[in-house]
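So this block is query_39.cif, mmCIF, C-alpha atoms:
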data_my_file
loop_
_atom_site.label_atom_id
_atom_site.label_comp_id
_atom_site.auth_asym_id
_atom_site.auth_seq_id
_atom_site.Cartn_x
_atom_site.Cartn_y
_atom_site.Cartn_z
CA MET A 1 0.00 0.00 0.00
CA ILE A 2 3.04 2.24 -0.21
CA GLN A 3 1.95 3.31 -3.68
CA TYR A 4 -1.39 4.46 -2.22
CA THR A 5 0.43 6.56 0.36
CA ASP A 6 2.59 8.24 -2.29
CA LYS A 7 -0.40 8.88 -4.50
CA ILE A 8 -2.42 10.28 -1.59
CA ARG A 9 0.39 12.66 -0.67
CA GLU A 10 0.74 13.76 -4.26
CA ILE A 11 -3.00 14.41 -4.63
CA ALA A 12 -3.27 16.18 -1.29
CA GLY A 13 -0.27 18.38 -2.07
CA ARG A 14 -1.71 19.30 -5.45
CA LEU A 15 -5.18 20.10 -4.06
CA LEU A 16 -3.82 22.25 -1.25
CA LYS A 17 -1.41 24.11 -3.52
CA ASP A 18 -3.89 25.00 -6.22
CA GLY A 19 -6.50 25.97 -3.66
CA THR A 20 -9.11 23.37 -4.61
CA VAL A 21 -9.36 22.55 -0.92
CA GLU A 22 -8.43 24.42 2.22
CA VAL A 23 -8.04 21.40 4.40
CA PHE A 24 -7.30 17.78 3.60
CA ILE A 25 -8.51 15.03 5.91
CA GLY A 26 -6.49 11.83 5.90
CA TYR A 27 -4.62 9.49 8.18
CA ARG A 28 -1.18 9.61 9.67
CA LYS A 29 0.78 7.01 11.55
CA GLY A 30 -0.34 6.81 15.15
CA THR A 31 2.00 6.83 18.09
CA VAL A 32 1.04 3.25 18.82
CA PRO A 33 1.43 0.57 16.15
CA MET A 34 -1.73 -0.42 14.26
CA MET A 35 -3.52 2.74 15.40
CA ASN A 36 -3.36 5.20 12.56
CA GLU A 37 -5.00 8.45 13.47
CA PRO A 38 -6.95 11.02 11.51
CA VAL A 39 -5.13 14.19 10.58
CA LEU A 40 -6.30 17.49 9.12
CA ILE A 41 -3.70 19.12 6.91
CA ARG A 42 -3.81 22.73 5.83
CA ASP A 43 -0.20 23.29 4.82
CA PRO A 44 0.97 21.65 1.57
CA ASP A 45 4.40 21.14 3.15
CA GLN A 46 2.92 18.76 5.68
CA VAL A 47 1.45 16.25 3.27
CA ASP A 48 4.31 13.86 3.94
CA THR A 49 2.75 12.98 7.28
CA LEU A 50 -0.17 11.39 5.40
CA HIS A 51 -0.11 7.65 5.47
CA TRP A 52 -2.19 4.74 4.30
CA ASP A 53 -2.13 1.07 5.22
CA VAL A 54 -4.45 -1.56 6.64
CA ASN A 55 -4.75 0.16 10.02
CA CYS A 56 -6.82 3.12 8.90
CA GLY A 57 -10.04 1.84 10.42
CA LEU A 58 -11.41 5.05 11.88
CA ASN A 59 -14.05 6.91 9.99
CA LEU A 60 -12.98 10.29 8.67
CA CYS A 61 -16.53 11.51 8.11
CA ASN A 62 -16.63 12.44 11.76
CA TYR A 63 -14.71 15.56 10.85
CA LEU A 64 -17.08 16.75 8.17
CA THR A 65 -19.97 18.17 10.14
CA ARG A 66 -20.30 21.87 10.90
CA ARG A 67 -17.58 22.91 8.47
CA THR A 68 -17.77 25.71 5.98
CA GLU A 69 -14.45 25.46 4.15
CA LYS A 70 -13.56 23.37 1.12
CA ILE A 71 -12.50 19.94 2.22
CA GLY A 72 -10.53 17.19 0.59
CA ILE A 73 -11.20 13.83 2.15
CA LEU A 74 -10.06 10.26 1.72
CA ALA A 75 -12.87 7.80 1.24
CA THR A 76 -12.96 4.04 1.23
CA GLY A 77 -16.17 2.21 0.37
CA CYS A 78 -17.84 2.63 3.75
CA ASN A 79 -16.44 6.12 4.33
CA SER A 80 -17.81 7.32 1.02
CA ARG A 81 -21.22 5.96 1.96
CA ASN A 82 -21.02 7.94 5.17
CA ILE A 83 -20.17 11.03 3.15
CA VAL A 84 -23.27 10.42 1.04
CA THR A 85 -25.31 10.03 4.22
CA HIS A 86 -23.95 13.34 5.48
CA ILE A 87 -24.87 15.05 2.24
CA ILE A 88 -28.39 13.57 2.31
CA GLU A 89 -28.80 14.74 5.89
CA ASN A 90 -27.60 18.26 5.01
CA GLN A 91 -24.55 18.10 7.20
CA ILE A 92 -22.25 19.12 4.38
CA LYS A 93 -22.64 20.29 0.79
CA ARG A 94 -21.38 18.20 -2.05
CA GLU A 95 -19.73 21.29 -3.59
CA GLN A 96 -17.56 21.68 -0.49
CA LEU A 97 -16.02 18.29 -0.91
CA TYR A 98 -13.29 16.88 -3.04
CA ILE A 99 -13.50 13.16 -2.44
CA VAL A 100 -10.39 11.11 -3.02
CA GLY A 101 -11.53 7.53 -3.39
CA ILE A 102 -9.57 4.54 -2.18
CA PRO A 103 -10.40 1.05 -3.31
CA CYS A 104 -10.22 -0.73 0.01
CA THR A 105 -9.48 -4.36 0.72
CA GLY A 106 -10.30 -4.20 4.39
CA MET A 107 -8.76 -3.17 7.66
CA VAL A 108 -6.91 -5.31 10.14
CA ASP A 109 -8.55 -6.22 13.41
CA HIS A 110 -5.97 -5.06 15.91
CA ARG A 111 -7.51 -7.21 18.63
CA ALA A 112 -7.13 -10.36 16.56
CA VAL A 113 -3.46 -9.56 16.08
CA LYS A 114 -2.99 -8.88 19.74
CA ARG A 115 -4.67 -12.15 20.65
CA ALA A 116 -2.55 -14.03 18.14
CA VAL A 117 0.67 -12.83 19.74
CA GLY A 118 -0.60 -13.74 23.18
CA GLY A 119 -1.29 -10.20 24.33
CA LYS A 120 2.38 -9.20 24.21
CA GLU A 121 3.25 -5.64 23.47
CA ILE A 122 3.54 -4.91 19.78
CA LEU A 123 6.29 -2.48 18.89
CA SER A 124 5.79 -2.26 15.18
CA ALA A 125 3.44 -3.51 12.50
CA GLU A 126 4.44 -3.07 8.88
CA GLN A 127 2.32 -3.92 5.92
CA GLN A 128 4.08 -5.59 3.03
CA GLY A 129 1.72 -6.37 0.20
CA GLU A 130 -0.77 -8.94 1.46
CA LYS A 131 1.13 -9.53 4.68
CA LEU A 132 1.41 -7.76 7.99
CA ILE A 133 4.69 -8.16 9.84
CA VAL A 134 4.28 -7.62 13.54
CA LYS A 135 7.31 -7.17 15.75
CA GLY A 136 7.65 -7.05 19.51
CA ALA A 137 10.56 -7.09 21.92
CA ASP A 138 11.17 -10.82 21.60
CA PHE A 139 9.03 -12.03 18.70
CA GLU A 140 8.24 -11.47 15.08
CA LYS A 141 5.18 -12.78 13.37
CA THR A 142 3.82 -12.54 9.86
CA PHE A 143 0.08 -12.52 9.23
CA GLU A 144 -1.89 -12.94 6.06
CA ILE A 145 -4.02 -9.81 6.05
CA LYS A 146 -6.97 -11.76 4.67
CA GLU A 147 -7.12 -13.82 7.83
CA ILE A 148 -7.06 -10.99 10.34
CA LEU A 149 -9.56 -8.61 8.78
CA GLN A 150 -12.05 -6.76 10.94
CA SER A 151 -15.27 -8.72 11.06
CA ASN A 152 -17.17 -6.03 9.15
CA CYS A 153 -14.50 -5.90 6.42
CA ALA A 154 -14.62 -9.65 6.02
CA VAL A 155 -18.28 -9.42 4.99
CA CYS A 156 -17.98 -6.08 3.17
CA ARG A 157 -19.93 -5.78 -0.07
CA HIS A 158 -18.99 -2.22 -1.01
CA ARG A 159 -15.24 -1.96 -1.05
CA ASN A 160 -15.09 0.70 -3.71
CA PRO A 161 -16.25 4.23 -3.00
CA VAL A 162 -19.63 5.20 -4.43
CA GLU A 163 -19.09 8.94 -4.83
CA VAL A 164 -15.67 10.21 -5.84
CA ASP A 165 -13.90 13.03 -7.61
CA GLU A 166 -10.67 11.15 -8.08
CA MET A 167 -9.45 7.63 -7.38
CA VAL A 168 -5.98 6.78 -6.14
CA ALA A 169 -6.06 3.41 -7.90
CA ASP A 170 -8.29 1.21 -10.01
CA PRO A 171 -11.32 -0.29 -8.25
CA VAL A 172 -10.82 -3.62 -6.55
CA PRO A 173 -13.18 -6.53 -7.23
CA GLU A 174 -16.11 -6.72 -4.83
CA GLN A 175 -16.37 -9.76 -2.59
CA GLU A 176 -18.84 -12.33 -3.84
CA GLY A 177 -20.95 -14.69 -1.81
CA VAL A 178 -20.41 -13.14 1.60
CA GLU A 179 -23.13 -13.62 4.17
CA PRO A 180 -23.22 -10.36 6.07
CA TYR A 181 -26.09 -11.28 8.37
CA LYS A 182 -25.16 -14.77 9.40
CA ASP A 183 -24.62 -13.93 13.07
CA VAL A 184 -27.83 -11.88 13.16
CA GLU A 185 -29.75 -14.87 11.90
CA SER A 186 -28.33 -17.11 14.59
CA VAL A 187 -29.55 -14.67 17.23
CA GLU A 188 -32.94 -14.37 15.55
CA GLY A 189 -33.44 -18.09 16.00
CA MET A 190 -33.18 -17.87 19.79
CA GLU A 191 -35.92 -17.76 22.40
CA PRO A 192 -36.62 -14.28 23.84
CA ARG A 193 -34.99 -15.22 27.12
CA LYS A 194 -31.89 -16.55 25.37
CA LYS A 195 -31.67 -13.42 23.29
CA TRP A 196 -31.82 -11.28 26.36
CA GLU A 197 -29.06 -13.29 27.99
CA PHE A 198 -26.97 -13.09 24.83
CA PHE A 199 -27.16 -9.31 24.72
CA THR A 200 -26.77 -8.88 28.45
CA ARG A 201 -23.58 -10.87 28.28
CA LEU A 202 -22.49 -8.94 25.21
CA ILE A 203 -22.68 -5.57 26.93
CA SER A 204 -21.76 -6.70 30.43
CA ARG A 205 -18.25 -5.32 30.04
CA CYS A 206 -19.41 -1.93 28.79
CA LEU A 207 -17.85 0.97 30.67
CA ARG A 208 -20.15 3.57 29.13
CA CYS A 209 -17.15 5.51 27.86
CA TYR A 210 -19.15 6.40 24.73
CA ALA A 211 -16.15 5.82 22.52
CA CYS A 212 -18.45 4.06 20.06
CA ARG A 213 -20.62 7.13 19.90
CA ASN A 214 -17.67 9.45 19.42
CA ALA A 215 -16.14 7.33 16.70
CA CYS A 216 -19.41 7.02 14.84
CA PRO A 217 -19.84 9.49 11.96
CA LEU A 218 -23.62 9.31 12.37
CA CYS A 219 -23.50 10.66 15.92
CA TYR A 220 -23.34 14.38 15.31
CA CYS A 221 -26.25 15.58 17.47
CA PRO A 222 -25.32 18.74 19.40
CA THR A 223 -26.66 17.12 22.56
CA CYS A 224 -26.67 13.38 22.66
CA PHE A 225 -29.62 11.68 24.34
CA VAL A 226 -27.30 10.25 26.96
CA ASP A 227 -26.25 13.74 27.99
CA GLU A 228 -29.76 15.08 28.30
CA SER A 229 -30.65 15.61 31.91
CA ARG A 230 -34.15 17.11 31.79
CA PRO A 231 -35.68 14.66 31.42
CA GLN A 232 -32.96 12.13 31.83
CA TRP A 233 -33.72 9.25 29.54
CA VAL A 234 -30.68 7.19 30.24
CA GLY A 235 -29.24 6.87 33.70
CA LYS A 236 -25.57 7.58 34.00
CA SER A 237 -24.70 4.62 36.15
CA ASN A 238 -23.33 1.42 34.75
CA ASP A 239 -26.51 -0.35 35.76
CA PRO A 240 -27.16 -3.05 33.14
CA THR A 241 -30.54 -1.56 32.28
CA ASP A 242 -29.03 1.83 31.56
CA THR A 243 -26.29 0.28 29.52
CA MET A 244 -28.82 -1.70 27.54
CA THR A 245 -30.89 1.44 27.00
CA PHE A 246 -27.85 3.26 25.73
CA HIS A 247 -26.85 0.54 23.30
CA PHE A 248 -30.39 0.04 22.15
CA LEU A 249 -31.05 3.68 21.47
CA ARG A 250 -27.65 4.27 19.95
CA ALA A 251 -28.32 1.45 17.54
CA TYR A 252 -31.79 2.72 16.84
CA HIS A 253 -30.47 6.16 15.95
CA CYS A 254 -28.36 4.47 13.31
CA ALA A 255 -31.33 2.73 11.70
CA GLY A 256 -31.11 3.01 7.93
CA ARG A 257 -27.95 5.09 8.24
CA CYS A 258 -25.27 2.71 9.44
CA THR A 259 -22.76 1.73 6.77
CA ASP A 260 -21.16 -0.96 8.90
CA CYS A 261 -17.78 0.78 8.84
CA GLY A 262 -16.81 -0.93 12.08
CA ALA A 263 -15.39 2.18 13.74
CA CYS A 264 -17.50 1.59 16.87
CA GLU A 265 -16.10 -1.87 17.40
CA ARG A 266 -12.60 -0.80 16.59
CA VAL A 267 -12.52 1.89 19.25
CA CYS A 268 -14.26 -0.05 22.02
CA PRO A 269 -11.75 -0.41 24.84
CA VAL A 270 -13.30 -3.64 26.04
CA GLY A 271 -14.02 -5.17 22.66
CA ILE A 272 -17.81 -5.28 22.64
CA SER A 273 -19.30 -6.30 19.33
CA MET A 274 -21.97 -3.59 19.19
CA ARG A 275 -22.46 -4.25 15.51
CA GLN A 276 -24.77 -7.02 16.67
CA PHE A 277 -27.31 -4.27 17.33
CA THR A 278 -26.80 -2.14 14.26
CA LYS A 279 -26.58 -5.08 11.91
CA LYS A 280 -30.05 -6.23 12.83
CA LEU A 281 -31.36 -2.82 11.80
CA ASN A 282 -29.31 -2.91 8.61
CA LYS A 283 -30.80 -6.27 7.84
CA ASP A 284 -34.31 -4.96 8.46
CA ALA A 285 -33.67 -1.90 6.32
CA GLU A 286 -32.52 -4.14 3.54
CA GLU A 287 -35.31 -6.66 3.84
CA LEU A 288 -38.20 -4.31 4.48
CA PHE A 289 -37.18 -1.26 2.49
CA SER A 290 -34.53 -2.64 0.10
CA TRP A 291 -32.25 0.01 1.46
CA GLU A 292 -28.57 0.12 2.13
CA ALA A 293 -27.31 3.37 3.53
CA GLY A 294 -25.32 5.81 1.48
CA LEU A 295 -25.36 4.19 -1.92
CA THR A 296 -26.98 7.06 -3.79
CA LEU A 297 -27.53 10.77 -3.49
CA GLU A 298 -30.78 10.57 -5.41
CA GLN A 299 -32.98 8.71 -2.99
CA ARG A 300 -34.22 9.71 0.45
CA PRO A 301 -33.69 7.18 3.26
CA PRO A 302 -36.65 4.97 4.24
CA LEU A 303 -37.31 6.61 7.61
CA ASP A 304 -37.54 9.92 5.80
CA VAL A 305 -40.27 9.23 3.30
CA TYR A 306 -43.73 7.77 3.26
CA ARG A 307 -44.72 5.25 0.66
CA PRO A 308 -48.17 3.68 0.61
CA ASP A 309 -46.57 0.25 0.38
CA ASP A 310 -44.33 0.78 3.41
CA TYR A 311 -43.98 -2.18 5.71
CA ASN A 312 -46.74 -1.92 8.30
CA ASP A 313 -47.52 -5.44 9.38
CA PHE A 314 -46.92 -4.51 12.99
CA ILE A 315 -49.78 -1.98 13.09
CA LYS A 316 -53.17 -3.29 14.09
CA MET B 1 -38.41 -0.56 16.68
CA LYS B 2 -40.43 -3.61 17.41
CA ASN B 3 -38.07 -5.82 15.47
CA LEU B 4 -35.03 -4.70 17.40
CA LEU B 5 -36.76 -4.98 20.76
CA GLU B 6 -37.64 -8.52 19.89
CA HIS B 7 -34.13 -9.05 18.72
CA ILE B 8 -32.69 -8.20 22.09
CA GLY B 9 -35.18 -10.40 23.86
CA ILE B 10 -38.27 -8.42 24.75
CA GLU B 11 -41.25 -10.64 24.01
CA PRO B 12 -43.17 -9.52 20.92
CA GLY B 13 -46.42 -9.45 22.87
CA ARG B 14 -45.28 -6.47 24.92
CA LEU B 15 -45.23 -3.73 22.34
CA HIS B 16 -48.22 -2.86 20.23
CA PHE B 17 -48.93 -0.29 17.60
CA SER B 18 -52.33 0.52 16.20
CA TRP B 19 -54.16 3.00 14.12
CA ILE B 20 -57.59 4.05 15.34
CA SER B 21 -59.67 7.01 14.27
CA SER B 22 -61.55 9.05 16.84
CA ALA B 23 -64.84 7.66 15.57
CA GLU B 24 -63.82 4.05 16.03
CA ALA B 25 -64.70 3.47 19.66
CA THR B 26 -65.54 -0.16 19.00
CA LYS B 27 -62.21 -0.75 17.30
CA PHE B 28 -60.54 0.87 20.30
CA VAL B 29 -62.24 -1.56 22.61
CA ASP B 30 -61.33 -4.50 20.38
CA VAL B 31 -57.70 -3.56 20.20
CA ALA B 32 -57.62 -2.79 23.91
CA ASN B 33 -58.84 -6.30 24.59
CA GLN B 34 -56.28 -7.77 22.21
CA VAL B 35 -53.45 -5.84 23.80
CA TYR B 36 -54.61 -6.82 27.25
CA GLU B 37 -54.78 -10.50 26.33
CA ALA B 38 -51.39 -10.42 24.62
CA VAL B 39 -49.65 -8.77 27.54
CA LYS B 40 -51.40 -11.01 30.02
CA GLU B 41 -50.19 -14.01 28.08
CA VAL B 42 -46.51 -13.07 28.19
CA GLY B 43 -46.80 -12.44 31.88
CA PRO B 44 -45.05 -9.95 34.13
CA ALA B 45 -42.01 -8.20 32.69
CA GLN B 46 -38.84 -9.68 34.08
CA VAL B 47 -36.10 -8.10 32.09
CA PHE B 48 -35.17 -4.52 31.38
CA ILE B 49 -36.60 -3.16 34.62
CA LYS B 50 -34.32 -0.86 36.47
CA ARG B 51 -34.10 -2.27 39.95
CA LEU B 52 -31.84 0.34 41.47
CA ALA B 53 -33.42 3.43 42.89
CA GLU B 54 -33.48 6.28 40.43
CA VAL B 55 -30.85 8.85 41.17
CA ALA B 56 -32.22 12.20 40.27
CA MET C 1 -50.55 -15.80 39.40
CA ASN C 2 -54.11 -15.88 38.16
CA ASP C 3 -55.05 -12.59 39.69
CA TRP C 4 -52.00 -10.88 38.26
CA GLN C 5 -52.95 -7.87 36.19
CA PRO C 6 -50.57 -6.31 33.69
CA LYS C 7 -49.68 -2.65 33.66
CA ILE C 8 -49.79 -1.32 30.13
CA THR C 9 -48.41 2.08 29.34
CA THR C 10 -50.43 3.53 26.51
CA PHE C 11 -49.56 6.46 24.29
CA LEU C 12 -52.64 7.80 22.57
CA CYS C 13 -52.81 10.48 19.92
CA HIS C 14 -54.93 13.35 21.10
CA TRP C 15 -56.83 13.52 17.80
CA CYS C 16 -57.34 9.85 17.04
CA SER C 17 -57.19 7.14 19.63
CA TYR C 18 -57.68 9.43 22.60
CA GLY C 19 -60.90 10.53 20.96
CA ALA C 20 -61.77 6.92 20.37
CA ALA C 21 -61.12 6.11 24.02
CA ASP C 22 -63.29 9.04 25.00
CA LEU C 23 -66.05 7.88 22.70
CA ALA C 24 -65.76 4.38 24.09
CA GLY C 25 -66.30 5.84 27.53
CA VAL C 26 -69.22 7.97 26.45
CA SER C 27 -70.78 4.95 24.72
CA ARG C 28 -70.26 2.90 27.91
CA LEU C 29 -68.24 0.22 26.16
CA GLN C 30 -66.37 -2.08 28.53
CA TYR C 31 -62.64 -2.58 28.20
CA PRO C 32 -59.90 -3.76 30.56
CA PRO C 33 -58.77 -1.24 33.14
CA ASN C 34 -55.06 -2.02 32.87
CA PHE C 35 -54.08 0.86 30.65
CA ARG C 36 -52.18 3.87 31.94
CA ILE C 37 -52.97 6.37 29.26
CA ILE C 38 -50.59 9.13 28.28
CA ARG C 39 -52.07 11.62 25.86
CA VAL C 40 -49.64 12.88 23.24
CA PRO C 41 -50.31 15.61 20.67
CA CYS C 42 -49.61 13.11 17.90
CA SER C 43 -48.37 9.55 17.94
CA GLY C 44 -45.43 10.84 15.91
CA ARG C 45 -44.33 12.49 19.13
CA VAL C 46 -43.61 9.12 20.66
CA SER C 47 -39.90 8.49 20.56
CA PRO C 48 -38.23 5.14 21.15
CA LYS C 49 -36.92 6.69 24.35
CA PHE C 50 -40.47 6.84 25.71
CA ILE C 51 -41.09 3.19 25.02
CA LEU C 52 -37.84 2.14 26.63
CA ALA C 53 -38.48 4.43 29.58
CA ALA C 54 -41.89 2.84 30.06
CA LEU C 55 -40.44 -0.66 30.02
CA ARG C 56 -37.55 0.36 32.21
CA HIS C 57 -39.90 1.70 34.83
CA GLY C 58 -41.66 -1.59 34.97
CA SER C 59 -44.59 -1.61 32.61
CA ASP C 60 -45.48 -5.02 31.34
CA GLY C 61 -46.55 -3.76 27.97
CA VAL C 62 -46.56 -0.68 25.81
CA TRP C 63 -49.21 0.30 23.33
CA VAL C 64 -48.80 3.14 20.91
CA SER C 65 -51.88 4.16 19.01
CA GLY C 66 -52.43 6.86 16.44
#
Rewrite the structure of this file - the entire thing - as C-alpha cells.
Amino acid sequence: MIQYTDKIREIAGRLLKDGTVEVFIGYRKGTVPMMNEPVLIRDPDQVDTLHWDVNCGLNLCNYLTRRTEKIGILATGCNSRNIVTHIIENQIKREQLYIVGIPCTGMVDHRAVKRAVGGKEILSAEQQGEKLIVKGADFEKTFEIKEILQSNCAVCRHRNPVEVDEMVADPVPEQEGVEPYKDVESVEGMEPRKKWEFFTRLISRCLRCYACRNACPLCYCPTCFVDESRPQWVGKSNDPTDTMTFHFLRAYHCAGRCTDCGACERVCPVGISMRQFTKKLNKDAEELFSWEAGLTLEQRPPLDVYRPDDYNDFIK
Amino acid sequence: MKNLLEHIGIEPGRLHFSWISSAEATKFVDVANQVYEAVKEVGPAQVFIKRLAEVA
Amino acid sequence: MNDWQPKITTFLCHWCSYGAADLAGVSRLQYPPNFRIIRVPCSGRVSPKFILAALRHGSDGVWVSG
C-alpha cells in the first residue's frame, strides 16, 4: 500500500497548492502501532505525514460536520457511503467536498493480532503487500491480512467508494458470496430469554465511555440523548438496564444510516461487538425497504419518506 | 423498533402499535382487549426493569 | 398468578385514539382497566426513548396508538 500513500500525498499536495481545498482530511501514523489516526492538513508542506495502510479503520466523516471550508477527504467504500449520508442529511454540501476515493481491501482487526501474539506488546506492524509483519521485543510474526480482517471488512460488499472526484487506484473486485447477516440470523433463532441473555452478556463489560458514539460518523447531534438531563432518559450509572438502553437507542439512531464501517467496534476499549445491534437494523432496512445506507444521493432514506406500500404489518 | 426490541429479547407481545380514528370506539375496545390478552399471556415483565433506585 | 394484572403504558394520539377512548367511555363500552394512558399531541411524538423508559420503569406492555 506504499503506492497508495505516495499517490495520496501527491493528490493532497496538489489540491492544497492549487487551492481546490483548504483542508485535507487523511490518516497519519499513530504513536502506537496499528492505530493510525486522523489528521487534518492545511499546509501543503505537511502532506508527507499522510499515510495509508491496513490500520486506517477510523471513519474520517466524523470531521465533516459543521464545516464551511472546502475539504478534501479520503474515502474508502464505507467512508464514502457515510459522506453520502452526510450530504443527504444536510450536514455538508457536495460542492464543499473533493473526495479522493480509495479502493479498500479491508482493515486489520488489531484485537485479533494482539490475541494471536498472546497479548504481548507490539512495537511495530508493517504492511508488506498482502502480509502484515508484527514485531515485539522478543518475537516477530507474519500474518496474512486476509485472515485478520475486521469482522465487518470480512463481509464487506462495497469496497469501492460510491461517490468520488478522483481515485488513487483502479477499483478492486467486490467480494462475492459473503453472508453479512449470518450472526444476526443465529440470534434471531433464539428464544426471547436466550436473546436477552446473549445481549446482556455482550454488553456486560461496557464501561459507558461512549467511545463508540464518538467514533461514529452518524452521531453528530449537538446534545446526545445520553447527555440530556431534563428529562434524563438514560441513567448515568453502569446499571445493566441503563447500559442496555444506551446501546439500544444508539443502535436505533443508526437505523437506515449505518454503513457498517466498524469504527465503533474498533474503538471499544473492552471489545464489545456492538455491531450485533446495528446489523439487525441494517438487515431490516434491507429486507423491508430494500435500502442500504449511502449508496446514492438521489434517494431519500426509508425513515424519511412515506410510501403507501411501506412495511406496516406490525400496526393493528 | 419492534423488530429490534424482539431481537434483544423483549417478548413480541409487549409492544403494540395501532391505528384508530376518533370515531372508532368499537375498534378501540377490540384492540384494547387484544393488547390486554397479549400482555397477560406473556406475563409480568422480568427483564429490562431498572431495579436500582433512580438517582435524580 | 391468576389474579396478576398487567400494567400497560399507553400512548394515545390526542386527535385519534384518545378521541376513540373518550367515545368508548361515552358509549359505555367495557374494556380492561389495565391501561395507563398518556395523551400525546400526535403519535409521531412518541420516541423510542419513551417506550424504553416505560419498560424500564416496569410496565409489562406498551401500546402506541395513532
* Any idea which chain C residues end up within 6 Å of chain B if we count only C-alpha atoms, as a PyMOL selection string please? -> chain C and resi 16-17+19-20+23-24+31+56-58+60-66
* To do: Quick one: apply the PyMOL selection byres ((chain A and resi 51-62) around 8) to the file and drop the selected residues here as an MDAnalysis selection string.
  => chainID A and resid 1:2 4:5 8:9 25:29 34:38 48:50 63:65 73:75 79 82:83 106:108 110 127 215:218 220 261:263 266
* Structure fact -> The distance between atom CA of Lys283 of chain A and atom CA of Thr105 of chain A is 22.6 Å
* Find the residues in chain A near chain C: any atom within 12 Å counts, using all atoms listed in the file. Write them as a PyMOL selection string. => chain A and resi 225-226+228+231-235+239-253+255+314-316
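Put simply, atom CA of Arg39 of chain C is 28.9 Å away from atom CA of Gly256 of chain A.
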* **Resolved residues for the PyMOL selection byres ((chain C and resi 34) around 7) as a PyMOL selection string** => chain C and resi 6-8+32-33+35-36
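Note that the spacing between atom CA of Phe199 of chain A and atom CA of Arg45 of chain C amounts to 28.3 Å.
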Contact residues around Gly101 of chain A with only C-alpha atoms at 9 Å, ignoring same-chain residues under 4 positions, as a JSON list (two decimals) with C-alpha atoms, in the frame of the given file:
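Printed below is selection_34.json as written:
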[["chain", "number", "residue", "atom", "x", "y", "z"],
["A", 73, "ILE", "CA", -11.20, 13.83, 2.15],
["A", 74, "LEU", "CA", -10.06, 10.26, 1.72],
["A", 75, "ALA", "CA", -12.87, 7.80, 1.24],
["A", 76, "THR", "CA", -12.96, 4.04, 1.23],
["A", 77, "GLY", "CA", -16.17, 2.21, 0.37],
["A", 80, "SER", "CA", -17.81, 7.32, 1.02],
["A", 160, "ASN", "CA", -15.09, 0.70, -3.71],
["A", 161, "PRO", "CA", -16.25, 4.23, -3.00],
["A", 162, "VAL", "CA", -19.63, 5.20, -4.43],
["A", 163, "GLU", "CA", -19.09, 8.94, -4.83],
["A", 164, "VAL", "CA", -15.67, 10.21, -5.84],
["A", 165, "ASP", "CA", -13.90, 13.03, -7.61],
["A", 166, "GLU", "CA", -10.67, 11.15, -8.08],
["A", 167, "MET", "CA", -9.45, 7.63, -7.38],
["A", 168, "VAL", "CA", -5.98, 6.78, -6.14],
["A", 169, "ALA", "CA", -6.06, 3.41, -7.90]]
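Residue nearest chain B, chosen from A:Val100, A:Leu303, A:Val187, A:Val270 and counting all atoms listed in the file: A:Val187.
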Taking all listed atoms of segment 32-37 of chain B, build the axis-aligned box, pad each of the six sides by 3 Å, then write its centre and edge lengths in Å to one decimal as JSON.
{"center_x": -56.1, "center_y": -6.6, "center_z": 24.7, "size_x": 11.4, "size_y": 13.7, "size_z": 11.0}
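Residues matching the PyMOL selection byres ((chain A and resi 289) around 12) in this structure come to Ala255, Gly256, Leu281, Asn282, Lys283, Asp284, Ala285, Glu286, Glu287, Leu288, Ser290, Trp291, Glu292, Ala293, Arg300, Pro301, Pro302, Leu303, Asp304, Val305, Tyr306, Arg307, Asp309, Asp310, Tyr311 and Asn312 of chain A.
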